[in-house]
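Asks: Next comes the structure file target.cif, holding mmCIF, C-alpha atoms and all ligand atoms.
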```
data_start
#
loop_
_atom_site.group_PDB
_atom_site.id
_atom_site.type_symbol
_atom_site.label_atom_id
_atom_site.label_comp_id
_atom_site.auth_asym_id
_atom_site.auth_seq_id
_atom_site.Cartn_x
_atom_site.Cartn_y
_atom_site.Cartn_z
ATOM 1 C CA MET A 1 -10.190 11.237 16.104
ATOM 2 C CA SER A 2 -12.722 11.617 13.345
ATOM 3 C CA TRP A 3 -13.318 10.647 9.731
ATOM 4 C CA ASN A 4 -15.835 12.086 7.276
ATOM 5 C CA ARG A 5 -14.825 10.531 3.958
ATOM 6 C CA LYS A 6 -16.934 8.168 1.892
ATOM 7 C CA HIS A 7 -13.981 7.004 -0.226
ATOM 8 C CA LEU A 8 -10.294 6.261 0.228
ATOM 9 C CA LEU A 9 -8.760 7.283 -3.093
ATOM 10 C CA ASP A 10 -5.230 8.365 -2.172
ATOM 11 C CA ILE A 11 -2.969 9.530 0.639
ATOM 12 C CA GLU A 12 -2.174 12.861 -1.020
ATOM 13 C CA SER A 13 -5.555 14.358 -0.081
ATOM 14 C CA LEU A 14 -5.576 13.056 3.521
ATOM 15 C CA THR A 15 -4.565 15.182 6.487
ATOM 16 C CA ALA A 16 -2.147 13.901 9.122
ATOM 17 C CA GLY A 17 -5.153 13.758 11.465
ATOM 18 C CA GLU A 18 -7.069 11.498 9.080
ATOM 19 C CA ILE A 19 -4.051 9.209 8.654
ATOM 20 C CA ASN A 20 -3.756 8.991 12.441
ATOM 21 C CA THR A 21 -7.467 8.149 12.698
ATOM 22 C CA VAL A 22 -6.937 5.176 10.342
ATOM 23 C CA LEU A 23 -3.866 4.053 12.307
ATOM 24 C CA GLU A 24 -5.651 4.312 15.677
ATOM 25 C CA THR A 25 -8.703 2.517 14.313
ATOM 26 C CA ALA A 26 -6.449 -0.215 12.929
ATOM 27 C CA ARG A 27 -4.855 -0.574 16.361
ATOM 28 C CA ALA A 28 -8.303 -1.197 17.859
ATOM 29 C CA PHE A 29 -9.074 -3.778 15.139
ATOM 30 C CA LYS A 30 -5.730 -5.506 15.704
ATOM 31 C CA ALA A 31 -6.785 -5.970 19.336
ATOM 32 C CA VAL A 32 -10.076 -7.461 18.100
ATOM 33 C CA GLY A 33 -7.993 -9.914 16.039
ATOM 34 C CA ALA A 34 -6.339 -11.198 19.221
ATOM 35 C CA ARG A 35 -9.699 -12.245 20.724
ATOM 36 C CA ALA A 36 -11.141 -15.766 20.563
ATOM 37 C CA ILE A 37 -13.994 -14.431 18.403
ATOM 38 C CA LYS A 38 -12.349 -12.235 15.783
ATOM 39 C CA LYS A 39 -15.511 -11.033 14.023
ATOM 40 C CA VAL A 40 -17.459 -7.834 14.670
ATOM 41 C CA PRO A 41 -20.834 -6.909 13.137
ATOM 42 C CA ALA A 42 -19.801 -3.440 11.865
ATOM 43 C CA LEU A 43 -20.624 -4.221 8.192
ATOM 44 C CA ARG A 44 -23.454 -6.718 8.735
ATOM 45 C CA GLY A 45 -25.847 -6.586 5.765
ATOM 46 C CA LYS A 46 -23.335 -4.697 3.591
ATOM 47 C CA THR A 47 -21.834 -5.985 0.356
ATOM 48 C CA VAL A 48 -18.169 -5.477 -0.469
ATOM 49 C CA VAL A 49 -16.864 -6.138 -3.984
ATOM 50 C CA ASN A 50 -13.185 -6.810 -4.694
ATOM 51 C CA LEU A 51 -12.877 -5.431 -8.262
ATOM 52 C CA PHE A 52 -9.309 -6.440 -9.095
ATOM 53 C CA ILE A 53 -8.401 -5.911 -12.751
ATOM 54 C CA GLU A 54 -4.699 -6.502 -11.998
ATOM 55 C CA PRO A 55 -3.094 -9.456 -10.192
ATOM 56 C CA SER A 56 -2.762 -9.396 -6.404
ATOM 57 C CA THR A 57 -2.114 -11.803 -3.559
ATOM 58 C CA ARG A 58 -1.761 -9.763 -0.366
ATOM 59 C CA THR A 59 -4.108 -6.852 -1.020
ATOM 60 C CA ARG A 60 -7.022 -8.829 -2.436
ATOM 61 C CA ILE A 61 -6.923 -11.566 0.184
ATOM 62 C CA SER A 62 -6.525 -9.183 3.116
ATOM 63 C CA PHE A 63 -9.398 -6.992 1.889
ATOM 64 C CA GLU A 64 -11.520 -10.132 1.534
ATOM 65 C CA LEU A 65 -10.649 -11.319 5.031
ATOM 66 C CA ALA A 66 -11.122 -7.807 6.453
ATOM 67 C CA ALA A 67 -14.631 -7.606 4.994
ATOM 68 C CA MET A 68 -15.446 -11.089 6.347
ATOM 69 C CA ARG A 69 -14.160 -10.141 9.822
ATOM 70 C CA LEU A 70 -16.535 -7.154 9.679
ATOM 71 C CA THR A 71 -19.411 -9.562 8.785
ATOM 72 C CA ALA A 72 -19.949 -8.144 5.274
ATOM 73 C CA ASP A 73 -20.950 -10.242 2.259
ATOM 74 C CA VAL A 74 -17.920 -10.351 -0.059
ATOM 75 C CA ILE A 75 -17.813 -10.797 -3.822
ATOM 76 C CA ASN A 76 -14.484 -11.421 -5.560
ATOM 77 C CA PHE A 77 -14.631 -10.187 -9.147
ATOM 78 C CA THR A 78 -12.352 -12.116 -11.503
ATOM 79 C CA ALA A 79 -11.454 -9.964 -14.499
ATOM 80 C CA GLU A 80 -10.445 -12.901 -16.672
ATOM 81 C CA ALA A 81 -13.845 -14.565 -16.225
ATOM 82 C CA SER A 82 -15.905 -11.375 -16.530
ATOM 83 C CA SER A 83 -17.730 -9.538 -19.290
ATOM 84 C CA LEU A 84 -14.799 -7.091 -19.468
ATOM 85 C CA LYS A 85 -13.498 -9.761 -21.845
ATOM 86 C CA LYS A 86 -16.564 -9.159 -24.043
ATOM 87 C CA GLY A 87 -15.903 -5.429 -24.254
ATOM 88 C CA GLU A 88 -17.931 -4.132 -21.301
ATOM 89 C CA THR A 89 -16.487 -0.877 -19.981
ATOM 90 C CA LEU A 90 -15.209 -0.297 -16.448
ATOM 91 C CA ARG A 91 -18.008 2.234 -15.933
ATOM 92 C CA ASP A 92 -20.721 -0.241 -16.964
ATOM 93 C CA THR A 93 -19.121 -3.032 -14.942
ATOM 94 C CA ALA A 94 -19.081 -0.865 -11.807
ATOM 95 C CA ARG A 95 -22.662 0.352 -12.348
ATOM 96 C CA ASN A 96 -23.825 -3.259 -12.689
ATOM 97 C CA LEU A 97 -22.074 -4.171 -9.436
ATOM 98 C CA GLU A 98 -23.836 -1.264 -7.779
ATOM 99 C CA ALA A 99 -27.160 -2.434 -9.257
ATOM 100 C CA LEU A 100 -26.510 -5.653 -7.323
ATOM 101 C CA ASN A 101 -26.327 -3.560 -4.131
ATOM 102 C CA ALA A 102 -22.562 -3.227 -3.723
ATOM 103 C CA ASP A 103 -21.943 -0.831 -0.831
ATOM 104 C CA ILE A 104 -18.141 -0.700 -1.094
ATOM 105 C CA ILE A 105 -16.141 -1.306 -4.281
ATOM 106 C CA ILE A 106 -12.427 -1.969 -3.819
ATOM 107 C CA ILE A 107 -10.632 -1.442 -7.105
ATOM 108 C CA ARG A 108 -7.175 -2.298 -8.389
ATOM 109 C CA HIS A 109 -6.513 -1.147 -11.941
ATOM 110 C CA SER A 110 -3.518 -0.482 -14.161
ATOM 111 C CA ALA A 111 -4.883 2.965 -15.084
ATOM 112 C CA THR A 112 -3.996 5.920 -12.892
ATOM 113 C CA GLY A 113 -7.182 7.578 -11.617
ATOM 114 C CA ALA A 114 -9.508 4.582 -12.113
ATOM 115 C CA PRO A 115 -10.786 4.771 -8.476
ATOM 116 C CA HIS A 116 -11.281 8.549 -8.728
ATOM 117 C CA PHE A 117 -13.235 7.989 -11.960
ATOM 118 C CA LEU A 118 -15.609 5.492 -10.273
ATOM 119 C CA SER A 119 -16.110 7.780 -7.270
ATOM 120 C CA ARG A 120 -17.554 10.470 -9.562
ATOM 121 C CA PHE A 121 -20.685 8.510 -10.516
ATOM 122 C CA LEU A 122 -21.120 5.677 -7.993
ATOM 123 C CA ASN A 123 -23.153 5.955 -4.801
ATOM 124 C CA ALA A 124 -21.052 3.132 -3.336
ATOM 125 C CA SER A 125 -17.861 3.885 -1.427
ATOM 126 C CA VAL A 126 -14.714 3.404 -3.499
ATOM 127 C CA VAL A 127 -11.404 2.183 -2.057
ATOM 128 C CA ASN A 128 -8.205 2.367 -4.084
ATOM 129 C CA ALA A 129 -6.257 -0.903 -3.916
ATOM 130 C CA GLY A 130 -3.594 0.388 -6.338
ATOM 131 C CA ASP A 131 -4.018 2.476 -9.502
ATOM 132 C CA GLY A 132 -1.190 2.217 -12.028
ATOM 133 C CA ALA A 133 1.971 3.911 -10.798
ATOM 134 C CA HIS A 134 -0.089 6.511 -8.923
ATOM 135 C CA GLU A 135 -1.043 5.403 -5.380
ATOM 136 C CA HIS A 136 -1.569 2.372 -3.156
ATOM 137 C CA PRO A 137 -2.989 4.046 -0.060
ATOM 138 C CA THR A 138 -3.671 0.998 2.118
ATOM 139 C CA GLN A 139 -0.082 -0.210 1.553
ATOM 140 C CA ALA A 140 1.252 3.108 2.888
ATOM 141 C CA LEU A 141 -1.145 2.938 5.827
ATOM 142 C CA LEU A 142 -0.062 -0.588 6.763
ATOM 143 C CA ASP A 143 3.580 0.402 6.321
ATOM 144 C CA THR A 144 3.233 3.425 8.632
ATOM 145 C CA PHE A 145 1.216 1.286 11.072
ATOM 146 C CA THR A 146 4.082 -1.248 11.164
ATOM 147 C CA ILE A 147 6.713 1.464 11.668
ATOM 148 C CA LEU A 148 4.659 3.035 14.456
ATOM 149 C CA GLU A 149 4.159 -0.327 16.145
ATOM 150 C CA LYS A 150 7.875 -1.165 15.982
ATOM 151 C CA LYS A 151 9.446 2.243 16.604
ATOM 152 C CA GLY A 152 6.751 3.992 18.655
ATOM 153 C CA LYS A 153 6.822 7.085 16.456
ATOM 154 C CA ILE A 154 7.069 8.260 12.844
ATOM 155 C CA ALA A 155 8.196 11.889 13.212
ATOM 156 C CA GLY A 156 11.950 12.329 12.957
ATOM 157 C CA LEU A 157 12.682 8.790 11.709
ATOM 158 C CA ASN A 158 14.953 8.337 8.683
ATOM 159 C CA VAL A 159 13.159 6.207 6.107
ATOM 160 C CA THR A 160 15.016 5.099 2.963
ATOM 161 C CA ILE A 161 12.991 3.810 0.024
ATOM 162 C CA LEU A 162 15.306 1.856 -2.253
ATOM 163 C CA GLY A 163 14.493 0.624 -5.740
ATOM 164 C CA ASP A 164 12.194 1.468 -8.626
ATOM 165 C CA ILE A 165 10.594 4.656 -7.342
ATOM 166 C CA LEU A 166 9.428 6.027 -10.695
ATOM 167 C CA TYR A 167 6.950 3.223 -11.439
ATOM 168 C CA SER A 168 5.955 2.563 -7.827
ATOM 169 C CA ARG A 169 2.535 3.498 -6.437
ATOM 170 C CA VAL A 170 3.778 2.188 -3.073
ATOM 171 C CA ALA A 171 6.583 4.746 -3.094
ATOM 172 C CA ARG A 172 4.260 7.660 -3.854
ATOM 173 C CA SER A 173 1.737 6.746 -1.162
ATOM 174 C CA ASN A 174 4.511 6.109 1.369
ATOM 175 C CA ILE A 175 6.176 9.430 0.601
ATOM 176 C CA TRP A 176 2.901 11.318 1.130
ATOM 177 C CA ALA A 177 2.141 9.485 4.389
ATOM 178 C CA LEU A 178 5.647 9.662 5.836
ATOM 179 C CA ARG A 179 6.157 13.344 4.979
ATOM 180 C CA LYS A 180 2.738 14.285 6.439
ATOM 181 C CA LEU A 181 3.669 12.426 9.650
ATOM 182 C CA GLY A 182 7.080 14.109 9.895
ATOM 183 C CA ALA A 183 9.569 11.421 8.791
ATOM 184 C CA ASN A 184 12.702 12.193 6.768
ATOM 185 C CA VAL A 185 12.513 10.321 3.453
ATOM 186 C CA THR A 186 15.524 9.362 1.315
ATOM 187 C CA LEU A 187 15.046 7.830 -2.127
ATOM 188 C CA CYS A 188 17.720 5.742 -3.830
ATOM 189 C CA GLY A 189 17.991 3.616 -6.972
ATOM 190 C CA PRO A 190 19.224 3.954 -10.560
ATOM 191 C CA SER A 191 18.978 7.574 -11.721
ATOM 192 C CA THR A 192 16.582 6.490 -14.487
ATOM 193 C CA LEU A 193 14.190 5.200 -11.808
ATOM 194 C CA VAL A 194 14.648 7.964 -9.210
ATOM 195 C CA PRO A 195 14.232 11.320 -10.960
ATOM 196 C CA ARG A 196 15.143 14.410 -8.962
ATOM 197 C CA VAL A 197 11.576 15.696 -9.348
ATOM 198 C CA PHE A 198 10.807 13.679 -6.189
ATOM 199 C CA GLU A 199 12.771 16.318 -4.246
ATOM 200 C CA GLN A 200 9.690 18.499 -4.748
ATOM 201 C CA MET A 201 7.800 16.073 -2.461
ATOM 202 C CA GLY A 202 10.293 16.887 0.303
ATOM 203 C CA CYS A 203 12.543 13.850 -0.213
ATOM 204 C CA ARG A 204 16.323 13.555 -0.356
ATOM 205 C CA VAL A 205 17.483 11.825 -3.542
ATOM 206 C CA THR A 206 20.816 9.990 -3.694
ATOM 207 C CA TYR A 207 22.273 7.438 -6.093
ATOM 208 C CA ASN A 208 24.803 6.155 -3.542
ATOM 209 C CA VAL A 209 23.273 3.156 -1.796
ATOM 210 C CA ASP A 210 25.768 3.104 1.102
ATOM 211 C CA GLU A 211 24.975 6.745 1.845
ATOM 212 C CA ALA A 212 21.225 6.035 1.556
ATOM 213 C CA ILE A 213 21.190 3.196 4.082
ATOM 214 C CA ALA A 214 23.882 4.317 6.561
ATOM 215 C CA GLY A 215 21.665 6.368 8.886
ATOM 216 C CA ALA A 216 18.348 4.745 8.043
ATOM 217 C CA ASP A 217 15.933 3.617 10.758
ATOM 218 C CA ILE A 218 13.825 1.928 8.082
ATOM 219 C CA ILE A 219 14.816 0.555 4.669
ATOM 220 C CA ASN A 220 11.793 -0.063 2.472
ATOM 221 C CA LEU A 221 12.752 -2.070 -0.620
ATOM 222 C CA LEU A 222 10.821 -2.014 -3.863
ATOM 223 C CA ARG A 223 10.925 -4.515 -6.669
ATOM 224 C CA ILE A 224 11.508 -3.537 -10.293
ATOM 225 C CA GLN A 225 8.039 -2.946 -11.760
ATOM 226 C CA HIS A 226 8.733 -4.620 -15.118
ATOM 227 C CA GLU A 227 5.027 -4.644 -15.967
ATOM 228 C CA ARG A 228 4.921 -0.829 -16.091
ATOM 229 C CA GLN A 229 8.272 -0.076 -17.724
ATOM 230 C CA ARG A 230 7.955 0.604 -21.444
ATOM 231 C CA LYS A 231 11.712 0.608 -22.087
ATOM 232 C CA THR A 232 14.863 -0.789 -20.490
ATOM 233 C CA MET A 233 15.724 1.433 -17.524
ATOM 234 C CA PHE A 234 19.103 -0.151 -16.584
ATOM 235 C CA PRO A 235 21.566 -2.542 -18.258
ATOM 236 C CA SER A 236 20.767 -5.809 -16.448
ATOM 237 C CA LEU A 237 19.242 -7.282 -13.302
ATOM 238 C CA GLY A 238 22.725 -8.481 -12.312
ATOM 239 C CA GLU A 239 24.053 -4.936 -12.428
ATOM 240 C CA TYR A 240 21.015 -3.679 -10.506
ATOM 241 C CA THR A 241 21.648 -6.229 -7.751
ATOM 242 C CA ALA A 242 25.369 -5.373 -7.619
ATOM 243 C CA LEU A 243 24.691 -1.643 -7.329
ATOM 244 C CA PHE A 244 21.443 -1.470 -5.339
ATOM 245 C CA GLY A 245 20.542 -4.910 -3.945
ATOM 246 C CA LEU A 246 20.319 -5.213 -0.150
ATOM 247 C CA THR A 247 22.963 -7.851 0.509
ATOM 248 C CA LYS A 248 24.167 -9.187 3.860
ATOM 249 C CA ALA A 249 27.347 -7.138 3.429
ATOM 250 C CA ARG A 250 25.345 -3.951 2.958
ATOM 251 C CA LEU A 251 23.012 -4.803 5.846
ATOM 252 C CA ALA A 252 26.080 -5.096 8.103
ATOM 253 C CA LYS A 253 26.796 -1.395 7.501
ATOM 254 C CA THR A 254 23.348 -0.228 8.681
ATOM 255 C CA LYS A 255 22.100 0.720 12.158
ATOM 256 C CA PRO A 256 21.715 -2.391 14.371
ATOM 257 C CA ASP A 257 18.015 -1.697 14.901
ATOM 258 C CA VAL A 258 17.151 -0.917 11.270
ATOM 259 C CA LEU A 259 13.852 -2.408 10.042
ATOM 260 C CA ILE A 260 13.760 -4.026 6.607
ATOM 261 C CA MET A 261 10.423 -3.606 4.867
ATOM 262 C CA HIS A 262 9.063 -4.658 1.495
ATOM 263 C CA PRO A 263 5.469 -4.427 0.213
ATOM 264 C CA GLY A 264 5.840 -7.738 -1.669
ATOM 265 C CA PRO A 265 6.015 -9.596 -3.887
ATOM 266 C CA ILE A 266 9.755 -9.892 -3.208
ATOM 267 C CA ASN A 267 12.242 -10.966 -5.858
ATOM 268 C CA ARG A 268 14.815 -12.908 -3.834
ATOM 269 C CA GLY A 269 18.342 -12.381 -5.075
ATOM 270 C CA VAL A 270 17.422 -9.218 -6.991
ATOM 271 C CA GLU A 271 16.483 -6.291 -4.700
ATOM 272 C CA ILE A 272 16.969 -8.339 -1.521
ATOM 273 C CA ASP A 273 19.165 -11.272 -0.488
ATOM 274 C CA SER A 274 17.179 -14.270 0.702
ATOM 275 C CA GLU A 275 19.001 -14.223 4.048
ATOM 276 C CA VAL A 276 18.160 -10.543 4.559
ATOM 277 C CA ALA A 277 14.508 -11.155 3.700
ATOM 278 C CA ASP A 278 14.351 -13.917 6.315
ATOM 279 C CA SER A 279 16.535 -12.146 8.920
ATOM 280 C CA GLY A 280 15.467 -10.852 12.319
ATOM 281 C CA ARG A 281 15.529 -7.296 10.967
ATOM 282 C CA SER A 282 12.852 -8.083 8.370
ATOM 283 C CA VAL A 283 9.237 -7.175 9.183
ATOM 284 C CA ILE A 284 7.925 -8.140 5.744
ATOM 285 C CA LEU A 285 5.419 -10.718 6.997
ATOM 286 C CA GLU A 286 4.349 -8.485 9.899
ATOM 287 C CA GLN A 287 3.431 -5.889 7.270
ATOM 288 C CA VAL A 288 1.122 -8.468 5.702
ATOM 289 C CA THR A 289 -0.446 -9.286 9.087
ATOM 290 C CA ASN A 290 -0.987 -5.590 9.820
ATOM 291 C CA GLY A 291 -2.623 -5.144 6.423
ATOM 292 C CA LEU A 292 -5.668 -7.006 7.743
ATOM 293 C CA ALA A 293 -6.268 -4.606 10.658
ATOM 294 C CA VAL A 294 -5.572 -1.567 8.482
ATOM 295 C CA ARG A 295 -8.015 -2.724 5.796
ATOM 296 C CA MET A 296 -10.668 -3.483 8.441
ATOM 297 C CA ALA A 297 -10.183 0.103 9.644
ATOM 298 C CA VAL A 298 -10.517 1.522 6.129
ATOM 299 C CA LEU A 299 -13.708 -0.452 5.354
ATOM 300 C CA PHE A 300 -15.160 0.528 8.726
ATOM 301 C CA LEU A 301 -14.378 4.231 8.214
ATOM 302 C CA VAL A 302 -15.617 4.578 4.614
ATOM 303 C CA ASN A 303 -18.825 2.852 5.728
ATOM 304 C CA GLY A 304 -19.504 5.719 8.138
ATOM 305 C CA GLY A 305 -17.421 4.790 11.194
ATOM 306 C CA LYS A 306 -15.881 7.808 12.882
ATOM 307 C CA GLY A 307 -12.847 6.334 14.620
ATOM 308 C CA PRO A 308 -11.427 3.928 17.215
ATOM 309 C CA GLN A 309 -13.766 5.233 19.918
ATOM 310 C CA GLU A 310 -16.624 3.347 18.180
ATOM 311 C CA ILE A 311 -14.977 -0.071 18.438
ATOM 312 C CA ALA A 312 -15.942 -1.899 21.627
ATOM 313 C CA GLY A 313 -12.922 -2.373 23.914
HETATM 314 N N1 LIG B 401 1.869 -5.226 -1.833
HETATM 315 C C1 LIG B 401 0.934 -5.618 -2.735
HETATM 316 O O1 LIG B 401 0.167 -4.795 -3.253
HETATM 317 O O2 LIG B 401 0.934 -6.946 -3.004
HETATM 318 P P1 LIG B 401 -0.123 -7.662 -3.961
HETATM 319 O O3 LIG B 401 0.164 -7.169 -5.366
HETATM 320 O O4 LIG B 401 0.115 -9.121 -3.805
HETATM 321 O O5 LIG B 401 -1.498 -7.234 -3.529
#
```
Represent the structure contained in this file as structure tokens.

Replies:
Amino acid sequence: MSWNRKHLLDIESLTAGEINTVLETARAFKAVGARAIKKVPALRGKTVVNLFIEPSTRTRISFELAAMRLTADVINFTAEASSLKKGETLRDTARNLEALNADIIIIRHSATGAPHFLSRFLNASVVNAGDGAHEHPTQALLDTFTILEKKGKIAGLNVTILGDILYSRVARSNIWALRKLGANVTLCGPSTLVPRVFEQMGCRVTYNVDEAIAGADIINLLRIQHERQRKTMFPSLGEYTALFGLTKARLAKTKPDVLIMHPGPINRGVEIDSEVADSGRSVILEQVTNGLAVRMAVLFLVNGGKGPQEIAG
């Protein structure tokens, strides 16, 4: 178990071994979270900046809490109240944050490659918290962590990702992680949102939802990413729900131990029935809980930690 990366920019460039190091380290941090005193001094004296230029609830708050649990000083950058509004560039903004001694900059941005861009000139570590429709690496890591925790393995599982795949950074990061760890990945949704080019990533593509979910061990639902779509990709939300929504009737045709996942935010009554979202098969809120341990692991590792062996038992 070892890690030698200063940044976490994507899942595509990680090896299966590196993914497993994050997952094992997260497991150790989850155990820390069960103690009476949940804080460890791993990032004492370090400054972590949450540079979110796009909205977020789960990712921003769990990174903030993760940094606090590691005893770092945390700054939450608010784009709307910043000098970005006065025309300052992303490059200058990031360099100013570094001039204030930021050690780790966590960035969410609507532009693909924004974290990679920062990593080219900053001395600080850069963590990708979602860049456009490209990648959302910590979401994929917390998703695989949750699957591993619930199913005891990843290799050989049938994972169906259902919804707007084309505009989803969660889908891309999940596909990379799941394929590297040996899962079988099926993609399903409207043909305009699930192009067959994804077969080149080793996925099965089908437009028949019943076929997609029948043998699934995991169904990971994605919302329609309206904010990234530049044209109408299907006739109506009502038709989308009728053809691809996970209803109670459809859930009844799945394996009895199927796990229902969703990165959030969920759109109840669109991609998922309320009752399904709140059912015993849903692990949506456990994903959020696991995000804290996974993000503690990522901050610990990019700060120079080598793996779970360094976390006191
Ligand atoms: N899953 C996710 O990225 O949620 P937020 O947009 O709330 O961070």

Asks: Considering only C-alpha atoms, tabulate each residue of region 36-94 of chain A that lies at most 8 Å from region 113-135 of chain A along with its nearest interatomic pair and the corresponding distance in Å to one decimal; arrange the rows by chain and ascending residue number and present them as JSON lines.

Replies:
```
{"residue": "A:Thr59", "atom": "CA", "partner": "A:Ala129", "partner_atom": "CA", "distance": 7.0}
{"residue": "A:Arg91", "atom": "CA", "partner": "A:Leu118", "partner_atom": "CA", "distance": 7.0}
{"residue": "A:Ala94", "atom": "CA", "partner": "A:Leu118", "partner_atom": "CA", "distance": 7.4}
```

Asks: Can you check which parts of chain A lie within 9 Å of ligand LIG 401 (chain B)? Per residue, the shortest pair of atoms and distance in Å to one decimal, counting all atoms listed in the file, sorted by chain and number, as a tab-separated table.

Replies:
```
residue	atom	partner	partner_atom	distance
A:Glu54	CA	B:LIG401	O3	8.3
A:Pro55	CA	B:LIG401	O3	6.3
A:Ser56	CA	B:LIG401	O5	3.8
A:Thr57	CA	B:LIG401	O4	3.5
A:Arg58	CA	B:LIG401	O4	4.0
A:Thr59	CA	B:LIG401	O5	3.6
A:Arg60	CA	B:LIG401	O5	5.9
A:Ile61	CA	B:LIG401	O5	7.9
A:Ser62	CA	B:LIG401	O5	8.6
A:Arg108	CA	B:LIG401	O5	9.0
A:Ala129	CA	B:LIG401	O1	7.5
A:Gly130	CA	B:LIG401	O1	7.1
A:His136	CA	B:LIG401	O1	7.4
A:Thr138	CA	B:LIG401	O1	8.8
A:Gln139	CA	B:LIG401	N1	6.4
A:Val170	CA	B:LIG401	N1	7.8
A:His262	CA	B:LIG401	N1	7.9
A:Pro263	CA	B:LIG401	N1	4.2
A:Gly264	CA	B:LIG401	N1	4.7
A:Pro265	CA	B:LIG401	O2	5.8
A:Val288	CA	B:LIG401	N1	8.2
```

Asks: When you look at Glu18 (chain A) with a cut-off of 9 Å (counting all atoms listed in the file), what residues show up, excluding the ones that are within fewer than 5 positions of it in the same chain? I need them as a ChimeraX atom specification.

Replies: /A:1-4,23

Asks: Looking at A:Ala31, A:Ala177, A:Ile161, A:Ile106, which one is nearest to Val209 (chain A), with distances taken over only C-alpha atoms?

Replies: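 Of the candidates, the smallest distance to Val209 (chain A) is held by A:Ile161.
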
Asks: Written as a list in words, what is the full residue list that the PyMOL selection byres (((chain A and resi 195) around 12) and not hetatm) yields on the file shown?

Replies: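 Checked against the file, the PyMOL selection byres (((chain A and resi 195) around 12) and not hetatm) matches Gly163, Asp164, Ile165, Leu166, Tyr167, Leu187, Cys188, Gly189, Pro190, Ser191, Thr192, Leu193, Val194, Arg196, Val197, Phe198, Glu199, Gln200, Met201, Cys203, Arg204, Val205, Thr206, Tyr207 and Met233 of chain A.
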
Asks: Between CA of Thr47 (chain A) and CA of Leu70 (chain A), what is the distance, to one decimal in Å?

Replies: 10.8 Å

Asks: Which residues would end up in the selection if the PyMOL selection byres (((chain A and resi 154) around 9) and not hetatm) were applied here, given that I need the answer as a list of chain:residue names?

Replies: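 In the shown coordinates, the PyMOL selection byres (((chain A and resi 154) around 9) and not hetatm) covers A:Thr144, A:Ile147, A:Leu148, A:Lys151, A:Gly152, A:Lys153, A:Ala155, A:Gly156, A:Leu157, A:Asn158, A:Leu178, A:Leu181, A:Gly182, A:Ala183.
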